[in-house]
$ cat my_file-v1.pdb   # PDB, C-alpha atoms
ATOM      1  CA  MET A   1      79.149 102.397  98.248
ATOM      2  CA  THR A   2      81.754 102.112 101.012
ATOM      3  CA  GLN A   3      84.224  99.225 100.890
ATOM      4  CA  LYS A   4      84.383  96.838 103.790
ATOM      5  CA  LEU A   5      87.434  97.408 105.954
ATOM      6  CA  GLU A   6      88.819  93.903 105.420
ATOM      7  CA  LEU A   7      89.501  94.877 101.788
ATOM      8  CA  LEU A   8      91.831  97.709 102.854
ATOM      9  CA  ARG A   9      94.765  95.798 104.279
ATOM     10  CA  GLU A  10      98.010  97.540 105.078
ATOM     11  CA  THR A  11     100.652  97.310 102.369
ATOM     12  CA  PRO A  12     103.888  95.678 103.574
ATOM     13  CA  SER A  13     106.636  98.190 104.308
ATOM     14  CA  GLN A  14     109.655  98.273 102.025
ATOM     15  CA  THR A  15     113.231  99.205 102.728
ATOM     16  CA  ALA A  16     115.166 101.708 100.656
ATOM     17  CA  GLY A  17     117.565  99.213  99.069
ATOM     18  CA  PRO A  18     118.940  97.935  96.862
ATOM     19  CA  TYR A  19     117.343  99.974  94.088
ATOM     20  CA  VAL A  20     117.420 103.429  95.678
ATOM     21  CA  HIS A  21     120.777 104.189  94.037
ATOM     22  CA  ILE A  22     119.486 103.255  90.587
ATOM     23  CA  GLY A  23     116.536 105.629  90.932
ATOM     24  CA  CYS A  24     118.227 108.510  92.771
ATOM     25  CA  ILE A  25     121.883 108.491  91.685
ATOM     26  CA  PRO A  26     122.087 106.367  88.517
ATOM     27  CA  PHE A  27     125.467 107.795  87.438
ATOM     28  CA  PHE A  28     126.920 106.560  90.739
ATOM     29  CA  THR A  29     125.823 103.025  89.790
ATOM     30  CA  GLY A  30     127.307 103.321  86.310
ATOM     31  CA  ILE A  31     123.993 103.883  84.558
ATOM     32  CA  GLU A  32     124.158 106.896  82.260
ATOM     33  CA  THR A  33     120.777 108.457  81.690
ATOM     34  CA  ILE A  34     119.320 111.188  79.527
ATOM     35  CA  TYR A  35     120.412 113.742  82.123
ATOM     36  CA  PRO A  36     123.911 115.235  82.064
ATOM     37  CA  GLU A  37     124.564 114.220  85.693
ATOM     38  CA  ASP A  38     122.834 113.025  88.864
ATOM     39  CA  LEU A  39     120.547 115.494  90.617
ATOM     40  CA  GLY A  40     122.339 117.046  93.580
ATOM     41  CA  ARG A  41     125.749 115.753  92.565
ATOM     42  CA  ARG A  42     127.528 118.766  94.102
ATOM     43  CA  ALA A  43     126.786 120.869  97.171
ATOM     44  CA  ILE A  44     128.709 123.802  95.747
ATOM     45  CA  GLU A  45     129.851 125.128  92.393
ATOM     46  CA  ALA A  46     133.239 126.623  91.539
ATOM     47  CA  GLY A  47     133.549 130.074  93.064
ATOM     48  CA  ALA A  48     131.382 129.438  96.128
ATOM     49  CA  LYS A  49     132.114 131.893  98.939
ATOM     50  CA  GLY A  50     133.124 130.796 102.414
ATOM     51  CA  GLN A  51     135.383 128.178 103.959
ATOM     52  CA  LYS A  52     135.576 125.025 101.845
ATOM     53  CA  ILE A  53     135.265 121.914 104.003
ATOM     54  CA  THR A  54     135.294 118.165 103.564
ATOM     55  CA  ILE A  55     133.240 115.891 105.819
ATOM     56  CA  GLN A  56     134.063 112.192 105.817
ATOM     57  CA  GLY A  57     132.348 109.408 107.699
ATOM     58  CA  ALA A  58     130.470 106.136 107.555
ATOM     59  CA  VAL A  59     127.064 104.773 108.520
ATOM     60  CA  TYR A  60     127.262 101.840 110.969
ATOM     61  CA  ASP A  61     124.514  99.325 111.697
ATOM     62  CA  GLY A  62     123.815  97.887 115.157
ATOM     63  CA  THR A  63     126.576  95.282 114.805
ATOM     64  CA  GLY A  64     129.220  97.891 113.959
ATOM     65  CA  TRP A  65     129.229  96.974 110.255
ATOM     66  CA  ARG A  66     129.740  99.804 107.771
ATOM     67  CA  MET A  67     126.711 100.094 105.527
ATOM     68  CA  ARG A  68     128.224 100.281 102.058
ATOM     69  CA  ASP A  69     124.836 100.894 100.438
ATOM     70  CA  ALA A  70     123.923 104.025 102.426
ATOM     71  CA  MET A  71     122.770 107.078 100.516
ATOM     72  CA  MET A  72     122.462 110.556 101.999
ATOM     73  CA  GLU A  73     121.054 113.958 101.162
ATOM     74  CA  SER A  74     122.409 117.119 102.750
ATOM     75  CA  TRP A  75     120.574 120.431 103.096
ATOM     76  CA  GLN A  76     122.330 123.608 104.211
ATOM     77  CA  PRO A  77     122.644 127.391 103.892
ATOM     78  CA  ASP A  78     125.630 129.181 102.422
ATOM     79  CA  GLY A  79     128.544 130.569 104.427
ATOM     80  CA  ALA A  80     126.439 133.561 105.479
ATOM     81  CA  GLY A  81     123.531 131.430 106.725
ATOM     82  CA  LEU A  82     121.287 132.100 103.705
ATOM     83  CA  PHE A  83     119.400 129.430 101.757
ATOM     84  CA  PRO A  84     118.995 129.400  97.974
ATOM     85  CA  GLY A  85     116.176 131.752  97.009
ATOM     86  CA  GLN A  86     116.779 134.153  99.885
ATOM     87  CA  ASP A  87     117.953 137.672  99.030
ATOM     88  CA  GLY A  88     121.737 137.794  98.942
ATOM     89  CA  ALA A  89     122.233 134.005  98.979
ATOM     90  CA  ASP A  90     125.363 132.744  97.245
ATOM     91  CA  PRO A  91     124.233 131.360  93.847
ATOM     92  CA  LYS A  92     127.225 128.987  93.868
ATOM     93  CA  VAL A  93     125.912 127.118  96.936
ATOM     94  CA  ASN A  94     123.232 124.660  95.870
ATOM     95  CA  GLY A  95     121.905 124.026  99.371
ATOM     96  CA  PHE A  96     121.313 120.381  98.457
ATOM     97  CA  CYS A  97     123.563 117.437  97.705
ATOM     98  CA  ARG A  98     122.905 113.725  97.207
ATOM     99  CA  PHE A  99     125.791 111.302  97.772
ATOM    100  CA  ALA A 100     126.489 107.701  98.719
ATOM    101  CA  ALA A 101     128.888 105.585 100.716
ATOM    102  CA  ASP A 102     131.690 103.972  98.736
ATOM    103  CA  ASN A 103     130.764 100.445  97.630
ATOM    104  CA  GLU A 104     134.054  99.012  98.885
ATOM    105  CA  THR A 105     134.924 100.983 102.025
ATOM    106  CA  GLY A 106     131.568 102.310 103.236
ATOM    107  CA  GLU A 107     133.108 105.781 103.569
ATOM    108  CA  PHE A 108     131.209 108.845 102.385
ATOM    109  CA  THR A 109     132.604 112.269 101.515
ATOM    110  CA  LEU A 110     130.770 115.587 101.382
ATOM    111  CA  ASN A 111     132.628 118.563  99.878
ATOM    112  CA  THR A 112     130.896 121.833 100.647
ATOM    113  CA  VAL A 113     131.275 125.194 102.394
ATOM    114  CA  LYS A 114     130.910 125.555 106.116
ATOM    115  CA  PRO A 115     127.374 126.859 106.692
ATOM    116  CA  GLY A 116     126.742 130.078 108.542
ATOM    117  CA  ALA A 117     124.525 130.409 111.595
ATOM    118  CA  ILE A 118     120.791 130.636 110.874
ATOM    119  CA  THR A 119     118.278 132.973 112.452
ATOM    120  CA  THR A 120     114.803 131.429 112.564
ATOM    121  CA  ASN A 121     111.505 133.275 112.077
ATOM    122  CA  ASP A 122     111.117 133.603 115.849
ATOM    123  CA  GLY A 123     114.500 135.313 116.097
ATOM    124  CA  LYS A 124     116.404 132.402 117.639
ATOM    125  CA  ALA A 125     119.908 131.722 116.367
ATOM    126  CA  GLN A 126     120.857 128.185 115.382
ATOM    127  CA  ALA A 127     124.491 127.139 115.393
ATOM    128  CA  PRO A 128     125.995 126.346 111.975
ATOM    129  CA  HIS A 129     124.802 122.911 110.874
ATOM    130  CA  ILE A 130     123.939 120.701 107.929
ATOM    131  CA  ALA A 131     120.697 118.711 107.844
ATOM    132  CA  LEU A 132     121.180 115.113 106.741
ATOM    133  CA  TRP A 133     118.748 112.442 105.475
ATOM    134  CA  VAL A 134     119.961 108.814 105.463
ATOM    135  CA  VAL A 135     118.566 105.773 103.660
ATOM    136  CA  ALA A 136     119.921 102.235 103.244
ATOM    137  CA  ARG A 137     118.794  98.622 103.301
ATOM    138  CA  GLY A 138     116.806  97.856 106.427
ATOM    139  CA  ILE A 139     115.663 101.454 106.880
ATOM    140  CA  ASN A 140     111.949 101.691 106.130
ATOM    141  CA  ILE A 141     111.677 105.459 106.553
ATOM    142  CA  GLY A 142     114.612 107.767 105.876
ATOM    143  CA  LEU A 143     116.375 108.963 109.027
ATOM    144  CA  GLN A 144     116.989 112.646 109.662
ATOM    145  CA  THR A 145     119.822 114.070 111.695
ATOM    146  CA  ARG A 146     122.157 117.070 111.752
ATOM    147  CA  ILE A 147     125.875 117.736 111.533
ATOM    148  CA  TYR A 148     127.201 120.415 113.880
ATOM    149  CA  PHE A 149     130.878 121.362 114.206
ATOM    150  CA  GLU A 150     133.082 121.054 117.280
ATOM    151  CA  ASP A 151     134.951 124.276 116.473
ATOM    152  CA  GLU A 152     131.751 126.364 116.535
ATOM    153  CA  ASP A 153     129.848 127.738 119.531
ATOM    154  CA  ASN A 154     126.958 125.278 119.903
ATOM    155  CA  THR A 155     125.992 126.250 123.460
ATOM    156  CA  ASN A 156     122.817 128.190 122.596
ATOM    157  CA  ASP A 157     121.502 126.074 119.738
ATOM    158  CA  PRO A 158     117.796 125.430 120.465
ATOM    159  CA  LEU A 159     117.771 121.909 119.052
ATOM    160  CA  LEU A 160     120.906 120.743 120.851
ATOM    161  CA  ASN A 161     119.596 122.205 124.108
ATOM    162  CA  ARG A 162     116.395 120.137 123.849
ATOM    163  CA  ILE A 163     118.287 116.833 123.957
ATOM    164  CA  GLU A 164     117.677 115.549 127.481
ATOM    165  CA  GLN A 165     120.410 112.905 127.488
ATOM    166  CA  ARG A 166     123.262 115.374 127.317
ATOM    167  CA  ASP A 167     125.932 112.772 126.531
ATOM    168  CA  ARG A 168     124.130 112.059 123.234
ATOM    169  CA  VAL A 169     124.648 115.621 121.981
ATOM    170  CA  GLN A 170     128.139 114.560 120.919
ATOM    171  CA  THR A 171     126.636 112.197 118.329
ATOM    172  CA  LEU A 172     125.662 115.290 116.304
ATOM    173  CA  ILE A 173     129.073 116.975 116.459
ATOM    174  CA  ALA A 174     131.572 116.552 113.607
ATOM    175  CA  LYS A 175     135.125 116.264 114.894
ATOM    176  CA  LYS A 176     137.829 118.393 113.299
ATOM    177  CA  THR A 177     140.570 116.212 111.801
ATOM    178  CA  GLY A 178     142.541 118.877 109.925
ATOM    179  CA  GLU A 179     142.263 122.291 108.348
ATOM    180  CA  GLY A 180     138.814 122.322 106.742
ATOM    181  CA  GLU A 181     138.400 118.583 107.405
ATOM    182  CA  TYR A 182     135.856 116.869 109.668
ATOM    183  CA  ARG A 183     134.789 113.367 110.669
ATOM    184  CA  PHE A 184     131.118 112.508 111.225
ATOM    185  CA  ASP A 185     130.076 108.883 111.750
ATOM    186  CA  ILE A 186     126.438 107.819 111.978
ATOM    187  CA  ARG A 187     125.476 104.906 114.240
ATOM    188  CA  LEU A 188     122.008 103.489 113.716
ATOM    189  CA  GLN A 189     121.741 101.773 117.110
ATOM    190  CA  GLY A 190     123.727 100.581 120.088
ATOM    191  CA  ASP A 191     126.566 102.399 121.831
ATOM    192  CA  GLY A 192     126.933 105.927 120.516
ATOM    193  CA  GLU A 193     123.625 105.801 118.627
ATOM    194  CA  THR A 194     123.191 109.009 116.640
ATOM    195  CA  VAL A 195     120.338 111.309 117.618
ATOM    196  CA  PHE A 196     117.692 111.147 114.895
ATOM    197  CA  LEU A 197     115.026 113.790 114.438
ATOM    198  CA  ASP A 198     111.319 113.627 113.627
ATOM    199  CA  MET A 199     110.929 116.607 111.306
TER     200      MET A 199
END
$ encode --input "my_file-v1.pdb" --output "C-alpha cells"
Amino acid sequence: MTQKLELLRETPSQTAGPYVHIGCIPFFTGIETIYPEDLGRRAIEAGAKGQKITIQGAVYDGTGWRMRDAMMESWQPDGAGLFPGQDGADPKVNGFCRFAADNETGEFTLNTVKPGAITTNDGKAQAPHIALWVVARGINIGLQTRIYFEDEDNTNDPLLNRIEQRDRVQTLIAKKTGEGEYRFDIRLQGDGETVFLDM
C-alpha cells in the first residue's frame, strides 16, 4: 500500500556545525579515540617527492568575520600529477588531507607538495591545483572550490576558462608570499566571493 504524500514531509536541513569536528577530526578537538590519529591528518608523509609548500588562509563569512569553526578537505595529485593508485604515483603523497581553522585565529594551514599538472581522459591539460571542500556552521551542503597558484601557467586551464566573470578567476588563485609559501582566503559571499563549484 502506498503512503499518502502528506506523511512524507521534508526533513529540516542541518548545518555542519558544531559537531562536525567531533565526528571527523576528534583528535583536533582533544578527544582521543581508538584510532592512532585522525583520518587524513597529513597530506604527505616524510620523503614525499616534489616541492614542499605551505598554504595558509582563512574562511570569511558575508560580514568579513573569520569562521573559526571551518573544516576543510583537500584532494590532489602528487608532484608529477598522479593520484594515489595510479601507476608511478608517489606513495608518500596521500592525495587527501582533512584540517581545520584554528579555534582562536581562524587561520588554516595546509602542508603538502605542489601538485603537478593533470591530463584528463579527453587529453586536456589542467593547471596544477588542489580541490577543496569546505564545511562550517551555516553551510548546509559542503562547498567545493579549487586552489590554483599564481606562479603557474593557468591560461589554458579548462575550468578557469569557463568562468564568465573573468575578474572572479582571481578568487581561485593562491598568492605567493614566500619561497614555497602561499596565501588562499575563502570568502563565502560579498565582495571577492570565492568561485564555488557544483561537482
$ resolve_selection --input "my_file-v1.pdb" --expression "the PyMOL selection byres ((chain A and resi 78-88) around 12)" --output "MDAnalysis selection string"
chainID A and resid 43:45 48:53 75:77 89:96 112:120 125:130
$ closest_residue --input "my_file-v1.pdb" --among "A:Ile173, A:Asn103, A:Ile139, A:Cys97" --to "Asn154 in chain A" --atoms "all atoms listed in the file"
A:Ile173
$ closest_residue --input "my_file-v1.pdb" --among "A:Trp65, A:Phe99, A:Phe149, A:Phe108" --to "Leu188 in chain A" --atoms "only C-alpha atoms"
A:Trp65
$ atom_distance --input "my_file-v1.pdb" --atom1 "CA of Arg68 in chain A" --atom2 "CA of Gly180 in chain A"
24.9 Å
$ resolve_selection --input "my_file-v1.pdb" --expression "the PyMOL selection byres ((chain A and resi 104) around 10)" --output "ChimeraX atom specification"
/A:66-69,101-103,105-107
$ residues_around --input "my_file-v1.pdb" --residues "Arg146 in chain A" --least-positions-apart "5" --cutoff "12 Å" --atoms "all atoms listed in the file" --output "mmCIF file with C-alpha atoms, keeping the file's coordinate frame"
data_model
loop_
_atom_site.group_PDB
_atom_site.id
_atom_site.type_symbol
_atom_site.label_atom_id
_atom_site.label_comp_id
_atom_site.auth_asym_id
_atom_site.auth_seq_id
_atom_site.Cartn_x
_atom_site.Cartn_y
_atom_site.Cartn_z
ATOM 1 C CA MET A 72 122.462 110.556 101.999
ATOM 2 C CA GLU A 73 121.054 113.958 101.162
ATOM 3 C CA SER A 74 122.409 117.119 102.750
ATOM 4 C CA TRP A 75 120.574 120.431 103.096
ATOM 5 C CA GLN A 76 122.330 123.608 104.211
ATOM 6 C CA GLN A 126 120.857 128.185 115.382
ATOM 7 C CA ALA A 127 124.491 127.139 115.393
ATOM 8 C CA PRO A 128 125.995 126.346 111.975
ATOM 9 C CA HIS A 129 124.802 122.911 110.874
ATOM 10 C CA ILE A 130 123.939 120.701 107.929
ATOM 11 C CA ALA A 131 120.697 118.711 107.844
ATOM 12 C CA LEU A 132 121.180 115.113 106.741
ATOM 13 C CA TRP A 133 118.748 112.442 105.475
ATOM 14 C CA VAL A 134 119.961 108.814 105.463
ATOM 15 C CA LEU A 159 117.771 121.909 119.052
ATOM 16 C CA LEU A 160 120.906 120.743 120.851
ATOM 17 C CA VAL A 169 124.648 115.621 121.981
ATOM 18 C CA GLN A 170 128.139 114.560 120.919
ATOM 19 C CA THR A 171 126.636 112.197 118.329
ATOM 20 C CA LEU A 172 125.662 115.290 116.304
ATOM 21 C CA ILE A 173 129.073 116.975 116.459
ATOM 22 C CA ALA A 174 131.572 116.552 113.607
ATOM 23 C CA PHE A 184 131.118 112.508 111.225
ATOM 24 C CA ASP A 185 130.076 108.883 111.750
ATOM 25 C CA ILE A 186 126.438 107.819 111.978
ATOM 26 C CA THR A 194 123.191 109.009 116.640
ATOM 27 C CA VAL A 195 120.338 111.309 117.618
ATOM 28 C CA PHE A 196 117.692 111.147 114.895
ATOM 29 C CA LEU A 197 115.026 113.790 114.438
ATOM 30 C CA ASP A 198 111.319 113.627 113.627
ATOM 31 C CA MET A 199 110.929 116.607 111.306
#
$ closest_residue --input "my_file-v1.pdb" --among "A:Lys175, A:Asp167, A:Arg137, A:Thr145" --to "Ala70 in chain A" --atoms "all atoms listed in the file"
A:Arg137
$ atom_distance --input "my_file-v1.pdb" --atom1 "CA of Asn121 in chain A" --atom2 "CA of Ile55 in chain A"
28.5 Å
$ atom_distance --input "my_file-v1.pdb" --atom1 "CA of Ile163 in chain A" --atom2 "CA of Lys124 in chain A"
16.9 Å
$ axis_aligned_box --input "my_file-v1.pdb" --around "range 127-136 of chain A" --padding-each-side "6 Å" --output "AutoDock Vina command-line options"
--center_x 122.3 --center_y 114.7 --center_z 109.3 --size_x 19.4 --size_y 36.9 --size_z 24.1
$ closest_residue --input "my_file-v1.pdb" --among "A:Asp157, A:Gly192, A:Arg168, A:Met71" --to "Gly142 in chain A" --atoms "only C-alpha atoms"
A:Met71
$ closest_residue --input "my_file-v1.pdb" --among "A:Ala100, A:Ile147, A:Ile34, A:Leu39" --to "Val135 in chain A" --atoms "all atoms listed in the file"
A:Ala100
$ closest_residue --input "my_file-v1.pdb" --among "A:Asn161, A:Thr11, A:Glu150, A:Gly138" --to "Lys176 in chain A" --atoms "all atoms listed in the file"
A:Glu150
